[in-house]
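J.: Sharing query_25.cif (mmCIF, C-alpha atoms) below.
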data_start
loop_
_atom_site.label_atom_id
_atom_site.label_comp_id
_atom_site.auth_asym_id
_atom_site.auth_seq_id
_atom_site.Cartn_x
_atom_site.Cartn_y
_atom_site.Cartn_z
CA MET A 16 15.95 -5.59 -14.77
CA THR A 17 18.15 -5.99 -11.68
CA THR A 18 17.57 -2.61 -10.05
CA PHE A 19 14.97 0.14 -10.28
CA GLN A 20 13.96 3.22 -8.31
CA LEU A 21 10.74 3.18 -6.28
CA ALA A 22 8.99 5.92 -4.31
CA ALA A 23 6.53 5.32 -1.48
CA LEU A 24 4.57 8.56 -1.15
CA GLN A 25 3.18 10.23 1.95
CA MET A 26 0.24 12.64 1.90
CA THR A 27 -2.66 13.97 3.97
CA SER A 28 -5.92 13.24 2.15
CA LEU A 29 -9.02 15.13 3.29
CA ALA A 30 -12.69 15.23 2.27
CA ASP A 31 -12.03 17.19 -0.96
CA LYS A 32 -11.59 14.62 -3.73
CA ASN A 33 -10.41 17.12 -6.37
CA ALA A 34 -7.78 18.58 -4.05
CA ASN A 35 -6.54 15.11 -3.11
CA LEU A 36 -6.27 14.14 -6.79
CA GLN A 37 -4.24 17.28 -7.48
CA THR A 38 -1.91 16.48 -4.57
CA ALA A 39 -1.49 12.89 -5.73
CA THR A 40 -0.70 14.08 -9.26
CA ARG A 41 1.88 16.56 -7.98
CA LEU A 42 3.62 14.02 -5.75
CA VAL A 43 3.72 11.29 -8.41
CA THR A 44 5.17 13.81 -10.88
CA GLN A 45 7.83 14.89 -8.38
CA ALA A 46 8.78 11.25 -7.73
CA ALA A 47 9.11 10.58 -11.45
CA GLN A 48 11.29 13.67 -11.85
CA GLN A 49 13.57 12.28 -9.13
CA GLY A 50 14.01 9.03 -11.02
CA ALA A 51 11.32 6.74 -9.63
CA ALA A 52 10.17 4.09 -12.11
CA TRP A 53 7.40 2.88 -9.77
CA VAL A 54 5.46 5.16 -7.44
CA GLY A 55 3.03 4.14 -4.69
CA LEU A 56 0.22 6.27 -3.26
CA PRO A 57 -1.26 5.51 0.18
CA GLU A 58 -4.58 3.99 1.18
CA ASN A 59 -7.59 6.29 0.68
CA CYS A 60 -5.46 8.59 -1.46
CA PHE A 61 -8.41 10.24 -3.22
CA TRP A 62 -10.73 10.75 -0.26
CA MET A 63 -10.76 10.55 3.55
CA GLY A 64 -14.03 11.86 4.90
CA PRO A 65 -16.96 10.88 7.14
CA CYS A 66 -18.04 7.23 6.91
CA ARG A 67 -21.64 8.23 6.14
CA GLN A 68 -20.44 9.68 2.83
CA THR A 69 -18.47 6.58 1.81
CA PRO A 70 -20.98 5.12 -0.72
CA SER A 71 -21.40 8.46 -2.52
CA MET A 72 -17.61 8.81 -2.93
CA ALA A 73 -17.19 5.45 -4.67
CA GLU A 74 -16.25 5.17 -8.35
CA PRO A 75 -15.95 2.30 -10.84
CA LEU A 76 -12.53 1.18 -12.06
CA ASP A 77 -12.93 3.38 -15.13
CA GLY A 78 -14.01 6.39 -13.06
CA PRO A 79 -12.33 9.81 -13.15
CA CYS A 80 -9.68 9.28 -10.45
CA VAL A 81 -8.30 5.99 -11.75
CA SER A 82 -8.50 7.30 -15.31
CA ALA A 83 -6.53 10.40 -14.32
CA MET A 84 -3.79 8.26 -12.75
CA ALA A 85 -3.70 5.97 -15.80
CA SER A 86 -3.17 8.99 -18.05
CA LEU A 87 -0.46 10.28 -15.70
CA ALA A 88 1.32 6.92 -15.70
CA LYS A 89 1.40 6.92 -19.49
CA GLN A 90 2.47 10.56 -19.66
CA LEU A 91 5.35 10.04 -17.22
CA GLY A 92 6.23 6.49 -18.26
CA VAL A 93 6.08 5.18 -14.68
CA GLY A 94 4.16 2.46 -12.91
CA ILE A 95 1.71 3.76 -10.28
CA LEU A 96 0.13 1.96 -7.35
CA ILE A 97 -3.15 3.62 -6.37
CA GLY A 98 -2.82 2.58 -2.72
CA SER A 99 -6.57 2.40 -2.41
CA PHE A 100 -9.74 4.11 -3.49
CA LEU A 101 -13.45 3.42 -2.98
CA GLU A 102 -14.55 1.12 -5.81
CA THR A 103 -18.24 0.58 -6.47
CA CYS A 104 -19.46 -2.95 -5.75
CA ALA A 105 -22.12 -4.48 -7.99
CA ASN A 106 -23.62 -6.59 -5.21
CA SER A 107 -23.69 -4.07 -2.37
CA GLU A 108 -24.12 -0.36 -1.74
CA LYS A 109 -20.96 -0.67 0.38
CA PRO A 110 -17.93 -0.20 -1.91
CA TYR A 111 -14.66 -2.10 -1.91
CA ASN A 112 -11.44 -0.59 -0.59
CA SER A 113 -9.33 -1.36 -3.67
CA SER A 114 -5.72 -1.02 -4.79
CA VAL A 115 -5.01 -0.62 -8.50
CA LEU A 116 -1.59 -1.28 -10.00
CA LEU A 117 -1.02 0.62 -13.24
CA GLY A 118 1.80 -0.13 -15.66
CA PRO A 119 4.02 2.52 -17.30
CA GLN A 120 1.71 2.67 -20.32
CA GLY A 121 -1.28 3.36 -18.08
CA GLU A 122 -2.54 -0.20 -18.37
CA CYS A 123 -4.28 -1.86 -15.41
CA LEU A 124 -2.02 -4.70 -14.26
CA ALA A 125 -3.97 -5.77 -11.18
CA VAL A 126 -6.79 -4.88 -8.79
CA TYR A 127 -6.75 -5.97 -5.16
CA ARG A 128 -9.74 -5.55 -2.87
CA LYS A 129 -8.83 -5.27 0.82
CA ILE A 130 -9.53 -8.56 2.59
CA HIS A 131 -9.03 -7.68 6.27
CA LEU A 132 -11.19 -4.77 7.45
CA PHE A 133 -10.22 -2.66 10.45
CA ASP A 134 -12.82 -3.27 13.17
CA ALA A 135 -11.08 -2.35 16.42
CA GLN A 136 -11.34 -0.29 19.59
CA VAL A 137 -8.14 1.76 19.49
CA HIS A 138 -8.48 5.16 21.20
CA GLU A 139 -11.90 5.26 19.53
CA SER A 140 -14.06 2.69 17.77
CA HIS A 141 -13.22 1.85 14.16
CA ARG A 142 -15.73 -0.15 12.09
CA GLU A 143 -14.48 -0.38 8.53
CA SER A 144 -16.85 -3.27 7.83
CA ALA A 145 -19.81 -0.95 8.42
CA SER A 146 -19.05 0.93 5.21
CA ILE A 147 -16.77 -1.38 3.15
CA THR A 148 -17.32 -4.73 1.40
CA PRO A 149 -14.35 -7.07 1.97
CA GLY A 150 -12.44 -8.72 -0.85
CA ASP A 151 -11.57 -12.41 -0.75
CA SER A 152 -8.62 -13.05 -3.08
CA PRO A 153 -4.86 -12.41 -2.70
CA VAL A 154 -3.29 -10.73 -5.74
CA CYS A 155 0.25 -11.28 -7.02
CA VAL A 156 1.21 -9.99 -10.47
CA SER A 157 4.20 -10.03 -12.79
CA THR A 158 5.23 -6.53 -13.91
CA PRO A 159 8.01 -5.15 -16.14
CA ALA A 160 10.09 -4.55 -12.97
CA CYS A 161 9.44 -7.65 -10.82
CA THR A 162 6.65 -9.75 -9.33
CA MET A 163 4.56 -7.69 -6.93
CA GLY A 164 2.15 -8.74 -4.17
CA LEU A 165 -0.62 -6.38 -3.08
CA SER A 166 -2.03 -5.66 0.36
CA ILE A 167 -3.61 -2.74 2.20
CA CYS A 168 -3.01 -1.41 5.74
CA TYR A 169 -4.66 -3.75 8.32
CA ASP A 170 -3.67 -6.71 6.14
CA VAL A 171 -0.15 -6.31 7.53
CA ARG A 172 -1.29 -8.00 10.77
CA PHE A 173 -2.09 -11.22 8.92
CA PRO A 174 1.17 -12.94 7.93
CA GLU A 175 -0.64 -15.80 6.19
CA LEU A 176 -1.60 -13.40 3.38
CA TYR A 177 2.04 -12.51 2.76
CA ARG A 178 3.04 -16.18 2.85
CA GLN A 179 0.60 -16.74 0.01
CA LEU A 180 2.05 -13.80 -1.90
CA SER A 181 5.67 -14.88 -1.50
CA GLY A 182 4.62 -18.44 -2.36
CA ALA A 183 3.13 -17.06 -5.58
CA GLY A 184 6.49 -15.50 -6.46
CA ALA A 185 6.30 -12.00 -4.97
CA GLN A 186 9.62 -10.14 -4.85
CA LEU A 187 8.12 -6.82 -3.75
CA LEU A 188 5.24 -6.45 -1.30
CA TRP A 189 3.10 -3.29 -1.35
CA ALA A 190 1.48 -2.21 1.93
CA PRO A 191 -0.15 1.21 1.42
CA ALA A 192 -1.81 2.40 4.61
CA ALA A 193 -3.69 4.95 6.66
CA PHE A 194 -2.39 3.61 9.98
CA VAL A 195 -3.97 5.30 12.99
CA TRP A 196 -1.58 7.21 15.25
CA GLU A 197 -1.86 4.97 18.30
CA THR A 198 -1.10 1.68 16.55
CA GLY A 199 1.40 3.32 14.23
CA CYS A 200 3.60 4.50 17.09
CA ALA A 201 3.69 0.99 18.55
CA HIS A 202 3.48 -1.42 15.62
CA TRP A 203 3.97 0.14 12.16
CA GLU A 204 7.71 -0.35 11.64
CA VAL A 205 7.99 -3.69 13.42
CA LEU A 206 5.12 -5.21 11.42
CA LEU A 207 6.50 -4.02 8.09
CA ARG A 208 10.00 -5.23 8.88
CA ALA A 209 8.64 -8.59 10.01
CA ARG A 210 6.69 -9.11 6.78
CA ALA A 211 9.81 -8.28 4.75
CA ILE A 212 12.10 -10.51 6.81
CA GLU A 213 9.92 -13.60 6.99
CA ASN A 214 9.21 -13.52 3.25
CA LEU A 215 12.67 -12.33 2.15
CA CYS A 216 10.93 -9.66 0.05
CA TRP A 217 11.31 -5.98 -0.59
CA LEU A 218 8.42 -4.07 0.97
CA ALA A 219 7.09 -0.61 0.13
CA ALA A 220 4.59 1.14 2.39
CA PRO A 221 3.13 4.48 1.22
CA ALA A 222 1.27 6.22 4.04
CA GLN A 223 -1.27 8.78 5.07
CA VAL A 224 -0.02 11.26 7.66
CA GLY A 225 -1.44 13.91 9.96
CA GLN A 226 -4.87 15.21 10.95
CA HIS A 227 -7.67 14.28 8.58
CA SER A 228 -10.52 15.35 10.88
CA PRO A 229 -10.87 16.21 14.58
CA GLN A 230 -11.26 12.49 15.29
CA ARG A 231 -8.79 10.98 12.83
CA ARG A 232 -5.00 11.21 12.86
CA THR A 233 -2.64 8.92 10.97
CA PHE A 234 0.96 8.00 11.76
CA GLY A 235 2.77 8.44 8.45
CA HIS A 236 6.39 7.25 8.24
CA ALA A 237 6.07 5.85 4.73
CA MET A 238 8.99 3.52 4.18
CA VAL A 239 10.84 1.02 2.02
CA VAL A 240 12.29 -2.09 3.69
CA ASN A 241 14.81 -4.47 2.15
CA PRO A 242 14.58 -8.30 2.36
CA TRP A 243 16.97 -8.32 5.34
CA GLY A 244 14.55 -6.11 7.26
CA ARG A 245 16.53 -2.89 7.00
CA VAL A 246 14.58 0.33 6.52
CA VAL A 247 16.37 1.90 3.54
CA ALA A 248 14.13 4.97 3.14
CA GLN A 249 11.55 6.59 5.41
CA CYS A 250 9.46 9.76 5.62
CA GLY A 251 9.00 11.79 8.77
CA GLU A 252 6.14 14.21 9.30
CA GLY A 253 4.15 15.83 6.50
CA GLU A 254 4.13 15.27 2.76
CA GLY A 255 7.06 13.53 1.16
CA MET A 256 8.43 10.38 -0.37
CA ALA A 257 10.59 7.44 0.64
CA LEU A 258 12.77 6.96 -2.45
CA ALA A 259 14.94 3.86 -2.71
CA GLU A 260 16.72 1.62 -5.18
CA ILE A 261 15.15 -1.84 -5.33
CA ASP A 262 17.95 -4.37 -5.87
CA LEU A 263 16.66 -7.75 -6.99
CA GLY A 264 20.21 -9.11 -6.95
CA LEU A 265 20.26 -8.59 -3.17
CA LEU A 266 16.97 -10.45 -2.88
CA ARG A 267 18.30 -13.44 -4.83
CA GLU A 268 21.54 -13.47 -2.82
CA LEU A 269 19.72 -13.43 0.52
CA ARG A 270 17.32 -16.17 -0.56
CA GLN A 271 20.28 -18.33 -1.55
CA ARG A 272 22.18 -17.69 1.68
CA LEU A 273 19.10 -18.09 3.88
CA PRO A 274 16.66 -20.36 2.02
CA ALA A 275 13.98 -20.19 4.71
CA LEU A 276 11.18 -20.11 2.14
CA GLN A 277 12.32 -23.56 0.97
CA HIS A 278 12.48 -24.90 4.53
CA ARG A 279 8.79 -24.50 5.35
CA ARG A 280 7.31 -27.63 6.93
CA LEU A 281 3.82 -26.33 7.68
CA LYS A 282 1.46 -25.08 4.99
#
Can you dump the structure from the file as structure tokens?
T.:
Amino acid sequence: MTTFQLAALQMTSLADKNANLQTATRLVTQAAQQGAAWVGLPENCFWMGPCRQTPSMAEPLDGPCVSAMASLAKQLGVGILIGSFLETCANSEKPYNSSVLLGPQGECLAVYRKIHLFDAQVHESHRESASITPGDSPVCVSTPACTMGLSICYDVRFPELYRQLSGAGAQLLWAPAAFVWETGCAHWEVLLRARAIENLCWLAAPAQVGQHSPQRRTFGHAMVVNPWGRVVAQCGEGEGMALAEIDLGLLRELRQRLPALQHRRLK
């Protein structure tokens, strides 16, 4: 497969899990109807509520939300990235923040547990580590479309993760996010374009957008970036999708013309 259509979705998840699941289902279905073969949902797509409720909102990998998306993938014949959901952790009451990549038959191709947790003082204090257990392993997986590397939101500030993914063969990098407004305005696009450029990879970034609570607002601007760093599709405000054709021929051409990945001297 040289080309395929991909949609990076944008939505506003709230504290109602059933409503969020219905929205995710509707948006994935719309993307499939517009020709997308692979569809990405944002971070926290099934629930964004108060941190104190985080453990009670967690589910296992075979829980109702992931199962519903697996059935939808099979029904529509599309691959679906669950940007992230709260996955129960056997060794802690604090769940993982996990991405799940589903194949077009609904099969689970990969699970990535967010490594870098957002502990920062930006407008207000954010302490993701207070309610989330970090993962510890990069995930790169071969799919029917191409080789995909997984990441989540704050990971995008750590280029060494993406170096590992491109070194493992990634052609497409996923970066689903719930980027806060303040950092999104300043850093979102430049970080995504940098990760695409330095790894000569396609990059798809589904996003949360809007007001999730009186204290929490996310930036949105879901986008798809090509290996030259050009933003080829982008959402504005509100629900929507960034729909783009992923051209693996372009990736191979650029890597031949500019073989920077082969010129690395430091590991």
J.: Which of these residues is nearest to Ala73 in chain A, using only C-alpha atoms: A:Thr103, A:Ala51, A:Pro57, A:Leu206?
T.: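 Of A:Thr103, A:Ala51, A:Pro57, A:Leu206, the one nearest Ala73 in chain A, counting only C-alpha atoms, is A:Thr103.
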J.: Under the PyMOL selection byres ((chain A and resi 242) around 12), which residues of this model are included? Write them out as an NGL selection string.
T.: :A and (181 or 185-188 or 207-219 or 239-241 or 243-247 or 261-270 or 273)
J.: By how many Å are CA of Leu258 in chain A and CA of His236 in chain A apart?
T.: 12.5 Å
J.: Could you pull out every residue with an atom within 10 Å of (10.5, -7.2, -15.3), file coordinates, counting all atoms listed in the file, and send them as a ChimeraX atom specification?
T.: /A:16-19,157-162
J.: If I take CA of Ser228 in chain A and CA of Ala135 in chain A, how far is one from the other in Å, to one decimal?
T.: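 Pair CA of Ser228 in chain A / CA of Ala135 in chain A returns 18.6 Å.
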